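Notes follow once the structure below has been shown.
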Amino acid sequence: MEPGWYRWEGADLILQVRARPRAGRDQWLEPREGRICVRIAAPPVDGKANAQLREFLAALFGVAKNQVTLLAGETGRDKRLRISAPNRLPPGIGPSSAA
């Protein structure tokens with residue numbers, strides 16, 4: 001059974017993220033209140049934090065940046081993202097039973 005902060009849709013992974021911009025460095029943290037916490041160094045100005053979040057998650061999951069899609073939460077800290085066919089899984093995420 002999957003925790004509430006991620007779910008699989010076929011080979012794609014849907015993440016519930018709480019982004020923390022203006023951090024000292026990009027960092028994957030622990031899940032809290034139904035979301036995975038991710039620190040992002042970029043400020044939340046002109047989409048910079050969202051762009052950096054996509055780049056960070058792409059590197060973390062071993063995919064191209066265009067395989068990380070922001071589905072919801074463009075202007076807030078709480079976001080929903082799709083990772084298309086991730087090649088790697090960070091701690092806390094189990095493989096898809098459909099993959």
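So you can find residues: chains in the structure tokens are A, B, ... in the order shown, residues in each start at 1, and ligands are numbered from 1 in order.
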**Prompt:** Per DSSP on the backbone, what are the alpha helix (DSSP H) residues of chain A, as a ChimeraX atom specification?
**Reply:** /A:48-61
Using the selection just defined, write its residues with N, CA and C atoms as a short mmCIF file (atom, residue, chain, number, x, y, z; two decimals), in the first residue's frame.
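Dumped everything to again_35.cif:
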data_model
loop_
_atom_site.label_atom_id
_atom_site.label_comp_id
_atom_site.auth_asym_id
_atom_site.auth_seq_id
_atom_site.Cartn_x
_atom_site.Cartn_y
_atom_site.Cartn_z
N LYS A 48 10.79 30.89 -10.64
CA LYS A 48 12.13 30.32 -10.45
C LYS A 48 12.12 29.10 -9.54
N ALA A 49 11.34 29.14 -8.46
CA ALA A 49 11.28 28.00 -7.54
C ALA A 49 10.65 26.79 -8.22
N ASN A 50 9.61 27.00 -9.00
CA ASN A 50 8.98 25.88 -9.72
C ASN A 50 9.95 25.26 -10.72
N ALA A 51 10.67 26.09 -11.46
CA ALA A 51 11.64 25.59 -12.42
C ALA A 51 12.74 24.80 -11.71
N GLN A 52 13.24 25.32 -10.59
CA GLN A 52 14.29 24.61 -9.84
C GLN A 52 13.75 23.32 -9.25
N LEU A 53 12.51 23.33 -8.78
CA LEU A 53 11.89 22.11 -8.25
C LEU A 53 11.83 21.03 -9.32
N ARG A 54 11.41 21.40 -10.53
CA ARG A 54 11.34 20.44 -11.64
C ARG A 54 12.73 19.90 -11.97
N GLU A 55 13.73 20.77 -12.00
CA GLU A 55 15.10 20.33 -12.29
C GLU A 55 15.62 19.39 -11.21
N PHE A 56 15.38 19.73 -9.96
CA PHE A 56 15.83 18.91 -8.84
C PHE A 56 15.18 17.53 -8.88
N LEU A 57 13.85 17.50 -9.07
CA LEU A 57 13.15 16.22 -9.12
C LEU A 57 13.57 15.39 -10.34
N ALA A 58 13.82 16.03 -11.46
CA ALA A 58 14.29 15.32 -12.65
C ALA A 58 15.61 14.61 -12.36
N ALA A 59 16.54 15.32 -11.74
CA ALA A 59 17.83 14.72 -11.40
C ALA A 59 17.66 13.60 -10.37
N LEU A 60 16.82 13.83 -9.37
CA LEU A 60 16.59 12.84 -8.31
C LEU A 60 16.00 11.54 -8.85
N PHE A 61 15.05 11.67 -9.79
CA PHE A 61 14.37 10.50 -10.34
C PHE A 61 15.02 9.97 -11.61
#
**Asked** Where in chain A does DSSP assign strand (DSSP E or B), given as a PyMOL selection string?
**Response** chain A and resi 6-9+12-20+27-32+35-39+68-72+78-83
Per-residue nearest contacts region 28-52 of chain A to region 70-87 of chain A, cut-off 10 Å, using only C-alpha atoms, as a Markdown table:
| residue | atom | partner | partner_atom | distance |
| --- | --- | --- | --- | --- |
| A:Arg35 | CA | A:Asp78 | CA | 8.0 |
| A:Ile36 | CA | A:Asp78 | CA | 9.6 |
| A:Cys37 | CA | A:Asp78 | CA | 9.3 |
| A:Val38 | CA | A:Arg77 | CA | 9.9 |
| A:Pro44 | CA | A:Thr75 | CA | 8.4 |
| A:Val45 | CA | A:Thr75 | CA | 9.6 |
| A:Asp46 | CA | A:Thr75 | CA | 9.8 |
| A:Gly47 | CA | A:Glu74 | CA | 8.1 |
| A:Ala49 | CA | A:Glu74 | CA | 9.7 |
| A:Asn50 | CA | A:Glu74 | CA | 7.2 |
| A:Ala51 | CA | A:Leu70 | CA | 9.6 |
**Prompt:** Just how far from CA of Gly10 (chain A) is CA of Pro31 (chain A), in Å to one decimal?
**Reply:**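 Computing it gives 22.4 Å between the two atoms.
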**Asked** Taking only C-alpha atoms into account, which of A:Arg18, A:Arg25, A:Ala11, A:Ile93 comes nearest Ala42 (chain A)?
**Response**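 For Ala42 (chain A), the nearest of the candidates is A:Arg25.
Remark: for Arg22 (chain A), the closest of the candidate residues A:Gly4, A:Gly62, A:Arg39, A:Thr69 is A:Arg39 (distances computed over only C-alpha atoms).
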**Request:** Tell me which protein, DNA and RNA residues are within 8 Å of Gly24 (chain A), counting only C-alpha atoms, leaving out same-chain ones fewer than 2 positions away, and put them as a ChimeraX atom specification.
**Result:** /A:22,26,40-41
Go ahead and dump the residues you just picked, N, CA and C atoms, as a JSON list (two decimals), in the first residue's frame.
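What landed in again_15.json:
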[["chain", "number", "residue", "atom", "x", "y", "z"],
["A", 22, "ARG", "N", 13.81, 29.29, -1.12],
["A", 22, "ARG", "CA", 14.86, 30.09, -0.45],
["A", 22, "ARG", "C", 15.61, 29.29, 0.62],
["A", 26, "ASP", "N", 19.05, 22.56, -2.34],
["A", 26, "ASP", "CA", 17.94, 21.68, -2.70],
["A", 26, "ASP", "C", 18.07, 20.39, -1.90],
["A", 40, "ILE", "N", 14.04, 24.00, -1.71],
["A", 40, "ILE", "CA", 14.53, 24.51, -2.99],
["A", 40, "ILE", "C", 15.28, 25.81, -2.74],
["A", 41, "ALA", "N", 16.47, 25.93, -3.30],
["A", 41, "ALA", "CA", 17.30, 27.11, -3.07],
["A", 41, "ALA", "C", 16.76, 28.36, -3.77]]
**Asked** Separation of CA of Pro43 (chain A) and CA of Arg20 (chain A), in Å?
**Response**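 Pair CA of Pro43 (chain A) / CA of Arg20 (chain A) returns 9.2 Å.
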Using only C-alpha atoms, which protein or nucleic acid residues come within 9 Å of Arg7 (chain A)? Drop anything in the same chain fewer than 6 positions from it, and give the result as a PDB file with C-alpha atoms, in the first residue's frame.
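Final output, out20.pdb:
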ATOM      1  CA  LEU A  13       4.433   8.691 -10.320  1.00  0.00           C
ATOM      2  CA  ILE A  14       2.169  11.408  -8.879  1.00  0.00           C
ATOM      3  CA  LEU A  15       3.727  13.313  -5.954  1.00  0.00           C
ATOM      4  CA  GLN A  16       2.123  15.591  -3.359  1.00  0.00           C
ATOM      5  CA  SER A  96       5.018   0.418  -9.049  1.00  0.00           C
TER       6      SER A  96
END
**Prompt:** Could you state the separation of CA of Ala23 (chain A) and CA of Tyr6 (chain A) in Å, given to one decimal place?
**Reply:** 23.1 Å
